[in-house]
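Participant: The structure under discussion is supplied below as structure tokens; questions concerning it will follow.
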Amino acid sequence: MRTRTFILCLLALCLSTIRGYASGLGDFRVNARFLTDRMAFELHLNSNQYNDLYEINYDFLCNIGPYVSGIAVADTRAMDAYYRYLDERNDDLRWVLSQAEYVRFIDIEYFFRPIYAINNVCYLRVYKIYPNRTHFYFGPPRHYLTYRGGHCRAHFGGVSYYRRNYPARYHHPVYSRPCRVSPQMRPHDFAGPRPGNRPPQKPNWKPAPRPDRKPVSVDRPNYRPPQHSEHKPQARPPHNPHKNPGFKPQERPTRRPEVSPDKMRPKQIREKSNIKEKERKSLSKRL
């Protein structure tokens with residue numbers, strides 16, 4: 001009897017917590033707490049906002065759980081469901097956050113659009129900014145283990161629970177502008193494969209034939225057509241004046257040119273003066 005009771009209790013516990021797990025993103029409860037913890041830290045929220053924000057994030061992650069595999073491969077129906085639940089979640093936050101807090105929330109991408117996919121895998125953007133998943137700034141929410149999605153819109157006919165209870169819980173101004181995610185954000189959130197992966201080719205696909213020669217450019221000035229190998233000019237022979245048939249070497253003079261006295265050496269000057277002296281004596285004897 002005790003064994004049967006234990007098994008039934010264990011089965012009931014598994015069924016109660018099975019909604020908190022997803023095949024693509026991991027534990028919904030842990031992800032919702034981590035996302036809520038960082039939002040409360042950066043937006044400076046109080047305890048009531050912290051608890052309500054956890055419910056909203058938990059409901060959002062549970063609603064998109066069945067579509068995670070389709071979101072990862074960019075399935076159209078899955079992405080439409082994702083953005084519908086994302087708009088509902090952002091609309092619920094308008095009644096929990098003040099106008100100034102909501103404006104800051106829109107400017108933070110990893111809060112306003114928390115999920116992205118790359119290479120057919122979904123991730124939470126907040127983990128890129130805060131990689132330490134075991135650190136929390138605040139303790140767990142008041143109903144961290146007991147909340148099962150009782151404030152989800154599905155239980156209130158599609159109407160926001162936080163909008164109905166806003167006058168009794170909050171008194172801050174509400175952000176009144178449209179808060180839907182633009183369709184242009186889809187390529188940024190769910191991109192295709194990385195550039196390294198080439199798309200598969202069609203079975204009958206053939207590359208276009210290459211042209212035989214380069215087309216002539218009309219607008220290009222001083223264009224020269226390509227020259228073929230048989231029309232190349234012959235190499236110019238090197239210039240060698242000695243092998244030229246009409247070349248005549250210059251004749252050397254028989255008599256060396258006289259050197260000016262300024263450039264003579266002292267010995268040459270003396271020898272020249274002696275020669276002049278002998279010529280003068282021989283001339284005087286003749287006379």
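The chains in the structure tokens are called A, B, ... from first to last as shown; in each chain the residues are counted from 1, and the ligands are counted from 1 in the order shown.
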Report the residues of range 54-190 of chain A whose backbone DSSP state falls under strand (DSSP E or B), written as a list in words.

Facilitator: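 After running DSSP on the backbone, range 54-190 of chain A has strand (DSSP E or B) at Ile115, Tyr116, Ala117, Ile118, Val121, Cys122, Tyr123, Leu124 and Phe190 of chain A.
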
Participant: List the spatial neighbours of Arg163 in chain A as a PyMOL selection string - criterion: any atom at most 12 Å away, only C-alpha atoms, same-chain residues fewer than 6 positions off excluded.

Facilitator: chain A and resi 52+88+91-97+151+153+156+169-171+174

Participant: Pick the closest to Arg113 in chain A from A:Ala78, A:Val73, A:Ile56, A:Met185: which is it, counting only C-alpha atoms?

Facilitator: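 That would be A:Met185, the residue with the smallest distance to Arg113 in chain A.
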
Participant: Considering only C-alpha atoms, can you say which of A:Asn165, A:Ser182, A:Gln99, A:Ser284 comes closest to Arg84 in chain A?

Facilitator: A:Ser182

Participant: List the neighbours of Gly150 in chain A out to 10 Å using only C-alpha atoms; skip same-chain residues closer than 3 positions along the sequence, and give me the result as a PDB file with N, CA, C and O atoms, in the first residue's frame.

Facilitator:
```pdb
ATOM      1  N   GLU A  55       5.405  35.546 -13.424  1.00  0.00           N
ATOM      2  CA  GLU A  55       4.237  34.864 -13.983  1.00  0.00           C
ATOM      3  C   GLU A  55       4.118  35.108 -15.484  1.00  0.00           C
ATOM      4  O   GLU A  55       3.843  34.174 -16.261  1.00  0.00           O
ATOM      5  N   ASP A  59       4.418  32.133 -18.270  1.00  0.00           N
ATOM      6  CA  ASP A  59       3.338  31.834 -19.208  1.00  0.00           C
ATOM      7  C   ASP A  59       3.798  31.951 -20.654  1.00  0.00           C
ATOM      8  O   ASP A  59       3.411  31.150 -21.513  1.00  0.00           O
ATOM      9  N   TYR A 147       3.329  28.173  -8.841  1.00  0.00           N
ATOM     10  CA  TYR A 147       2.589  28.764  -9.964  1.00  0.00           C
ATOM     11  C   TYR A 147       2.532  27.781 -11.119  1.00  0.00           C
ATOM     12  O   TYR A 147       3.554  27.214 -11.530  1.00  0.00           O
ATOM     13  N   ARG A 153      -3.797  34.099 -20.084  1.00  0.00           N
ATOM     14  CA  ARG A 153      -4.961  34.659 -20.781  1.00  0.00           C
ATOM     15  C   ARG A 153      -5.948  33.576 -21.193  1.00  0.00           C
ATOM     16  O   ARG A 153      -7.127  33.863 -21.391  1.00  0.00           O
ATOM     17  N   ALA A 154      -5.488  32.351 -21.348  1.00  0.00           N
ATOM     18  CA  ALA A 154      -6.399  31.277 -21.743  1.00  0.00           C
ATOM     19  C   ALA A 154      -7.464  31.027 -20.685  1.00  0.00           C
ATOM     20  O   ALA A 154      -8.561  30.544 -21.011  1.00  0.00           O
ATOM     21  N   HIS A 155      -7.202  31.372 -19.420  1.00  0.00           N
ATOM     22  CA  HIS A 155      -8.178  31.174 -18.341  1.00  0.00           C
ATOM     23  C   HIS A 155      -9.120  32.368 -18.180  1.00  0.00           C
ATOM     24  O   HIS A 155     -10.032  32.311 -17.364  1.00  0.00           O
ATOM     25  N   PHE A 156      -8.890  33.463 -18.926  1.00  0.00           N
ATOM     26  CA  PHE A 156      -9.715  34.666 -18.781  1.00  0.00           C
ATOM     27  C   PHE A 156     -10.278  35.123 -20.123  1.00  0.00           C
ATOM     28  O   PHE A 156     -10.533  36.318 -20.330  1.00  0.00           O
ATOM     29  N   TYR A 161      -5.103  39.358 -17.340  1.00  0.00           N
ATOM     30  CA  TYR A 161      -5.393  39.326 -15.901  1.00  0.00           C
ATOM     31  C   TYR A 161      -4.823  40.550 -15.210  1.00  0.00           C
ATOM     32  O   TYR A 161      -5.429  41.101 -14.285  1.00  0.00           O
TER      33      TYR A 161
END
```
